[in-house]
$ cat coords-v5.cif   # mmCIF, C-alpha atoms
data_start
loop_
_atom_site.group_PDB
_atom_site.id
_atom_site.type_symbol
_atom_site.label_atom_id
_atom_site.label_comp_id
_atom_site.auth_asym_id
_atom_site.auth_seq_id
_atom_site.Cartn_x
_atom_site.Cartn_y
_atom_site.Cartn_z
ATOM 1 C CA MET A 1035 53.908 22.615 20.939
ATOM 2 C CA LYS A 1036 53.049 23.996 17.489
ATOM 3 C CA ASP A 1037 49.342 23.336 18.067
ATOM 4 C CA ARG A 1038 49.498 25.107 21.423
ATOM 5 C CA LYS A 1039 51.231 28.138 19.926
ATOM 6 C CA PHE A 1040 48.699 28.279 17.104
ATOM 7 C CA LEU A 1041 45.863 28.132 19.666
ATOM 8 C CA ILE A 1042 47.463 30.968 21.644
ATOM 9 C CA TYR A 1043 47.902 32.885 18.378
ATOM 10 C CA LEU A 1044 44.186 32.443 17.675
ATOM 11 C CA ILE A 1045 43.252 33.668 21.162
ATOM 12 C CA ILE A 1046 45.492 36.715 20.855
ATOM 13 C CA GLY A 1047 44.209 37.300 17.343
ATOM 14 C CA GLY A 1048 40.643 37.023 18.591
ATOM 15 C CA THR A 1049 41.195 39.599 21.290
ATOM 16 C CA ALA A 1050 43.063 41.829 18.813
ATOM 17 C CA ALA A 1051 40.072 41.563 16.489
ATOM 18 C CA LEU A 1052 37.772 42.602 19.343
ATOM 19 C CA VAL A 1053 40.034 45.589 20.044
ATOM 20 C CA GLU A 1054 40.024 46.506 16.357
ATOM 21 C CA TRP A 1055 36.240 46.171 16.010
ATOM 22 C CA ALA A 1056 35.579 48.125 19.191
ATOM 23 C CA LEU A 1057 37.858 50.936 18.059
ATOM 24 C CA PHE A 1058 36.320 50.910 14.578
ATOM 25 C CA TYR A 1059 32.874 51.175 16.165
ATOM 26 C CA LEU A 1060 34.031 54.026 18.379
ATOM 27 C CA PHE A 1061 35.758 55.942 15.577
ATOM 28 C CA ASN A 1062 33.239 55.377 12.792
ATOM 29 C CA ILE A 1063 29.859 54.869 14.378
ATOM 30 C CA ALA A 1064 30.116 56.726 17.691
ATOM 31 C CA TRP A 1065 32.315 59.607 16.531
ATOM 32 C CA GLY A 1066 31.369 59.706 12.833
ATOM 33 C CA ILE A 1067 34.911 59.465 11.442
ATOM 34 C CA ASP A 1068 35.073 58.319 7.792
ATOM 35 C CA TYR A 1069 35.074 54.523 7.631
ATOM 36 C CA LEU A 1070 38.398 54.253 5.744
ATOM 37 C CA LEU A 1071 40.176 56.475 8.277
ATOM 38 C CA ALA A 1072 38.523 54.522 11.106
ATOM 39 C CA VAL A 1073 39.747 51.264 9.517
ATOM 40 C CA THR A 1074 43.291 52.610 9.397
ATOM 41 C CA ALA A 1075 43.354 53.905 12.986
ATOM 42 C CA SER A 1076 41.759 50.807 14.499
ATOM 43 C CA PHE A 1077 44.004 48.496 12.450
ATOM 44 C CA VAL A 1078 47.205 50.237 13.566
ATOM 45 C CA CYS A 1079 46.184 50.113 17.237
ATOM 46 C CA SER A 1080 45.216 46.442 17.113
ATOM 47 C CA THR A 1081 48.397 45.564 15.191
ATOM 48 C CA LEU A 1082 50.544 47.044 17.946
ATOM 49 C CA TYR A 1083 48.503 45.162 20.579
ATOM 50 C CA HIS A 1084 48.841 41.950 18.544
ATOM 51 C CA TYR A 1085 52.594 42.360 18.033
ATOM 52 C CA VAL A 1086 53.305 42.859 21.715
ATOM 53 C CA LEU A 1087 51.299 39.816 22.802
ATOM 54 C CA THR A 1088 52.467 37.447 20.052
ATOM 55 C CA THR A 1089 56.117 38.246 20.724
ATOM 56 C CA MET A 1090 55.493 37.509 24.392
ATOM 57 C CA PHE A 1091 53.557 34.242 23.954
ATOM 58 C CA VAL A 1092 53.809 32.813 20.416
ATOM 59 C CA PHE A 1093 56.832 33.829 18.367
ATOM 60 C CA THR A 1094 60.423 34.178 19.504
ATOM 61 C CA SER A 1095 61.210 37.844 19.067
ATOM 62 C CA GLY A 1096 64.688 38.539 17.740
ATOM 63 C CA ALA A 1097 65.205 34.970 16.524
ATOM 64 C CA LYS A 1098 65.734 35.920 12.855
ATOM 65 C CA TYR A 1099 66.211 39.687 12.949
ATOM 66 C CA LYS A 1100 67.270 42.431 15.304
ATOM 67 C CA LYS A 1101 64.355 44.079 17.079
ATOM 68 C CA ALA A 1102 64.185 47.183 14.845
ATOM 69 C CA ALA A 1103 64.187 45.085 11.663
ATOM 70 C CA GLU A 1104 61.615 42.726 13.132
ATOM 71 C CA ILE A 1105 59.250 45.566 14.008
ATOM 72 C CA SER A 1106 59.723 47.044 10.530
ATOM 73 C CA LEU A 1107 58.845 43.698 8.952
ATOM 74 C CA VAL A 1108 55.793 43.283 11.180
ATOM 75 C CA PHE A 1109 54.513 46.672 10.129
ATOM 76 C CA ALA A 1110 55.322 45.960 6.449
ATOM 77 C CA VAL A 1111 53.278 42.750 6.597
ATOM 78 C CA SER A 1112 50.607 44.616 8.523
ATOM 79 C CA ALA A 1113 50.590 47.382 5.915
ATOM 80 C CA MET A 1114 49.671 44.761 3.315
ATOM 81 C CA GLY A 1115 46.954 43.516 5.658
ATOM 82 C CA LEU A 1116 45.734 47.094 6.036
ATOM 83 C CA LEU A 1117 45.703 47.522 2.271
ATOM 84 C CA PHE A 1118 43.640 44.327 1.930
ATOM 85 C CA ASN A 1119 41.289 45.635 4.653
ATOM 86 C CA LEU A 1120 40.871 48.999 2.924
ATOM 87 C CA ILE A 1121 40.193 47.418 -0.458
ATOM 88 C CA LEU A 1122 37.672 44.999 1.010
ATOM 89 C CA MET A 1123 35.983 47.754 3.014
ATOM 90 C CA TYR A 1124 35.718 49.962 -0.067
ATOM 91 C CA LEU A 1125 34.224 47.101 -2.057
ATOM 92 C CA PHE A 1126 31.811 46.094 0.696
ATOM 93 C CA VAL A 1127 30.699 49.559 1.853
ATOM 94 C CA SER A 1128 31.009 51.818 -1.174
ATOM 95 C CA GLN A 1129 30.358 49.340 -3.956
ATOM 96 C CA ALA A 1130 28.072 46.710 -2.386
ATOM 97 C CA ASP A 1131 26.371 49.142 0.039
ATOM 98 C CA MET A 1132 26.902 46.807 2.999
ATOM 99 C CA ASN A 1133 26.804 47.915 6.644
ATOM 100 C CA ALA A 1134 30.199 49.308 7.717
ATOM 101 C CA MET A 1135 30.441 47.355 10.976
ATOM 102 C CA PHE A 1136 29.473 44.059 9.341
ATOM 103 C CA SER A 1137 31.932 44.806 6.526
ATOM 104 C CA LYS A 1138 34.726 45.453 9.045
ATOM 105 C CA VAL A 1139 34.177 42.110 10.736
ATOM 106 C CA LEU A 1140 34.050 40.307 7.381
ATOM 107 C CA ALA A 1141 37.186 42.043 6.077
ATOM 108 C CA SER A 1142 39.088 41.240 9.284
ATOM 109 C CA CYS A 1143 38.192 37.575 9.025
ATOM 110 C CA LEU A 1144 39.449 37.422 5.453
ATOM 111 C CA VAL A 1145 42.797 39.054 6.327
ATOM 112 C CA VAL A 1146 43.616 36.751 9.285
ATOM 113 C CA ALA A 1147 45.213 34.045 7.145
ATOM 114 C CA TRP A 1148 47.511 36.560 5.417
ATOM 115 C CA ASN A 1149 48.683 37.955 8.748
ATOM 116 C CA TYR A 1150 49.516 34.584 10.302
ATOM 117 C CA LEU A 1151 51.186 33.029 7.265
ATOM 118 C CA ALA A 1152 53.259 36.107 6.438
ATOM 119 C CA ARG A 1153 54.465 36.525 10.018
ATOM 120 C CA LYS A 1154 55.324 32.853 10.324
ATOM 121 C CA LYS A 1155 57.108 32.643 6.957
ATOM 122 C CA TRP A 1156 58.999 35.922 6.792
ATOM 123 C CA ILE A 1157 59.382 37.313 10.282
ATOM 124 C CA PHE A 1158 59.493 34.740 13.074
#
$ encode --input "coords-v5.cif" --output "structure tokens"
Amino acid sequence: MKDRKFLIYLIIGGTAALVEWALFYLFNIAWGIDYLLAVTASFVCSTLYHYVLTTMFVFTSGAKYKKAAEISLVFAVSAMGLLFNLILMYLFVSQADMNAMFSKVLASCLVVAWNYLARKKWIF
């Protein structure tokens, strides 16, 4: 059962990453919005998408906390993930002069472990 839930988590996470990358592309590359603002907007949208699907298919929502507290904790954990994303993006794009889209994909991949472990340990 745990392996199945982790596999579902990975599938949802994969689709959330695609949503995040597509929105980042749209905001930053297509519309020319600053890459750090585009990171923030795309991250928030994909986090909401991810939360809804994982509470439907992976984690038992309301098992440890009331719904409002649970959502607050999810967004607190996600805020740390966003901070990691922003730091990595700044380092990759502004300091290492890497391509913004490539940097976004790389940063997202590095933050995945934080998101899963923090949600599993502290929220669900």
$ closest_residue --input "coords-v5.cif" --among "A:Asp1037, A:Val1086, A:Phe1158, A:Asn1133" --to "Tyr1099 of chain A" --atoms "only C-alpha atoms"
A:Phe1158
$ resolve_selection --input "coords-v5.cif" --expression "the PyMOL selection byres ((chain A and resi 1118) around 12)" --output "ChimeraX atom specification"
/A:1070,1073-1074,1077,1111-1117,1119-1125,1138,1140-1149
$ write_last_selection --input "coords-v5.cif" --atoms "C-alpha atoms" --output "PDB file, in the coordinates of the input"
ATOM      1  CA  LEU A1070      38.398  54.253   5.744  1.00  0.00           C
ATOM      2  CA  VAL A1073      39.747  51.264   9.517  1.00  0.00           C
ATOM      3  CA  THR A1074      43.291  52.610   9.397  1.00  0.00           C
ATOM      4  CA  PHE A1077      44.004  48.496  12.450  1.00  0.00           C
ATOM      5  CA  VAL A1111      53.278  42.750   6.597  1.00  0.00           C
ATOM      6  CA  SER A1112      50.607  44.616   8.523  1.00  0.00           C
ATOM      7  CA  ALA A1113      50.590  47.382   5.915  1.00  0.00           C
ATOM      8  CA  MET A1114      49.671  44.761   3.315  1.00  0.00           C
ATOM      9  CA  GLY A1115      46.954  43.516   5.658  1.00  0.00           C
ATOM     10  CA  LEU A1116      45.734  47.094   6.036  1.00  0.00           C
ATOM     11  CA  LEU A1117      45.703  47.522   2.271  1.00  0.00           C
ATOM     12  CA  ASN A1119      41.289  45.635   4.653  1.00  0.00           C
ATOM     13  CA  LEU A1120      40.871  48.999   2.924  1.00  0.00           C
ATOM     14  CA  ILE A1121      40.193  47.418  -0.458  1.00  0.00           C
ATOM     15  CA  LEU A1122      37.672  44.999   1.010  1.00  0.00           C
ATOM     16  CA  MET A1123      35.983  47.754   3.014  1.00  0.00           C
ATOM     17  CA  TYR A1124      35.718  49.962  -0.067  1.00  0.00           C
ATOM     18  CA  LEU A1125      34.224  47.101  -2.057  1.00  0.00           C
ATOM     19  CA  LYS A1138      34.726  45.453   9.045  1.00  0.00           C
ATOM     20  CA  LEU A1140      34.050  40.307   7.381  1.00  0.00           C
ATOM     21  CA  ALA A1141      37.186  42.043   6.077  1.00  0.00           C
ATOM     22  CA  SER A1142      39.088  41.240   9.284  1.00  0.00           C
ATOM     23  CA  CYS A1143      38.192  37.575   9.025  1.00  0.00           C
ATOM     24  CA  LEU A1144      39.449  37.422   5.453  1.00  0.00           C
ATOM     25  CA  VAL A1145      42.797  39.054   6.327  1.00  0.00           C
ATOM     26  CA  VAL A1146      43.616  36.751   9.285  1.00  0.00           C
ATOM     27  CA  ALA A1147      45.213  34.045   7.145  1.00  0.00           C
ATOM     28  CA  TRP A1148      47.511  36.560   5.417  1.00  0.00           C
ATOM     29  CA  ASN A1149      48.683  37.955   8.748  1.00  0.00           C
TER      30      ASN A1149
END
$ closest_residue --input "coords-v5.cif" --among "A:Leu1052, A:Ala1072, A:Ile1046, A:Ala1130" --to "Thr1088 of chain A" --atoms "all atoms listed in the file"
A:Ile1046
$ closest_residue --input "coords-v5.cif" --among "A:His1084, A:Phe1136, A:Leu1057, A:Gly1047" --to "Leu1071 of chain A" --atoms "only C-alpha atoms"
A:Leu1057
$ atom_distance --input "coords-v5.cif" --atom1 "atom CA of Ile1157 of chain A" --atom2 "atom CA of Leu1044 of chain A"
17.6 Å
$ resolve_selection --input "coords-v5.cif" --expression "the PyMOL selection byres ((chain A and resi 1063) around 12)" --output "list of chain:residue names"
A:Trp1055, A:Ala1056, A:Leu1057, A:Phe1058, A:Tyr1059, A:Leu1060, A:Phe1061, A:Asn1062, A:Ala1064, A:Trp1065, A:Gly1066, A:Ile1067, A:Asp1068, A:Tyr1069, A:Ala1072, A:Val1073, A:Asn1133, A:Ala1134, A:Met1135, A:Phe1136, A:Lys1138
$ write_last_selection --input "coords-v5.cif" --atoms "C-alpha atoms" --output "short mmCIF file (atom, residue, chain, number, x, y, z; two decimals), in the coordinates of the input"
data_model
loop_
_atom_site.label_atom_id
_atom_site.label_comp_id
_atom_site.auth_asym_id
_atom_site.auth_seq_id
_atom_site.Cartn_x
_atom_site.Cartn_y
_atom_site.Cartn_z
CA TRP A 1055 36.24 46.17 16.01
CA ALA A 1056 35.58 48.12 19.19
CA LEU A 1057 37.86 50.94 18.06
CA PHE A 1058 36.32 50.91 14.58
CA TYR A 1059 32.87 51.18 16.16
CA LEU A 1060 34.03 54.03 18.38
CA PHE A 1061 35.76 55.94 15.58
CA ASN A 1062 33.24 55.38 12.79
CA ALA A 1064 30.12 56.73 17.69
CA TRP A 1065 32.32 59.61 16.53
CA GLY A 1066 31.37 59.71 12.83
CA ILE A 1067 34.91 59.46 11.44
CA ASP A 1068 35.07 58.32 7.79
CA TYR A 1069 35.07 54.52 7.63
CA ALA A 1072 38.52 54.52 11.11
CA VAL A 1073 39.75 51.26 9.52
CA ASN A 1133 26.80 47.92 6.64
CA ALA A 1134 30.20 49.31 7.72
CA MET A 1135 30.44 47.36 10.98
CA PHE A 1136 29.47 44.06 9.34
CA LYS A 1138 34.73 45.45 9.04
#
$ closest_residue --input "coords-v5.cif" --among "A:Ser1106, A:Thr1094, A:Ser1128, A:Thr1049" --to "Ser1080 of chain A" --atoms "only C-alpha atoms"
A:Thr1049
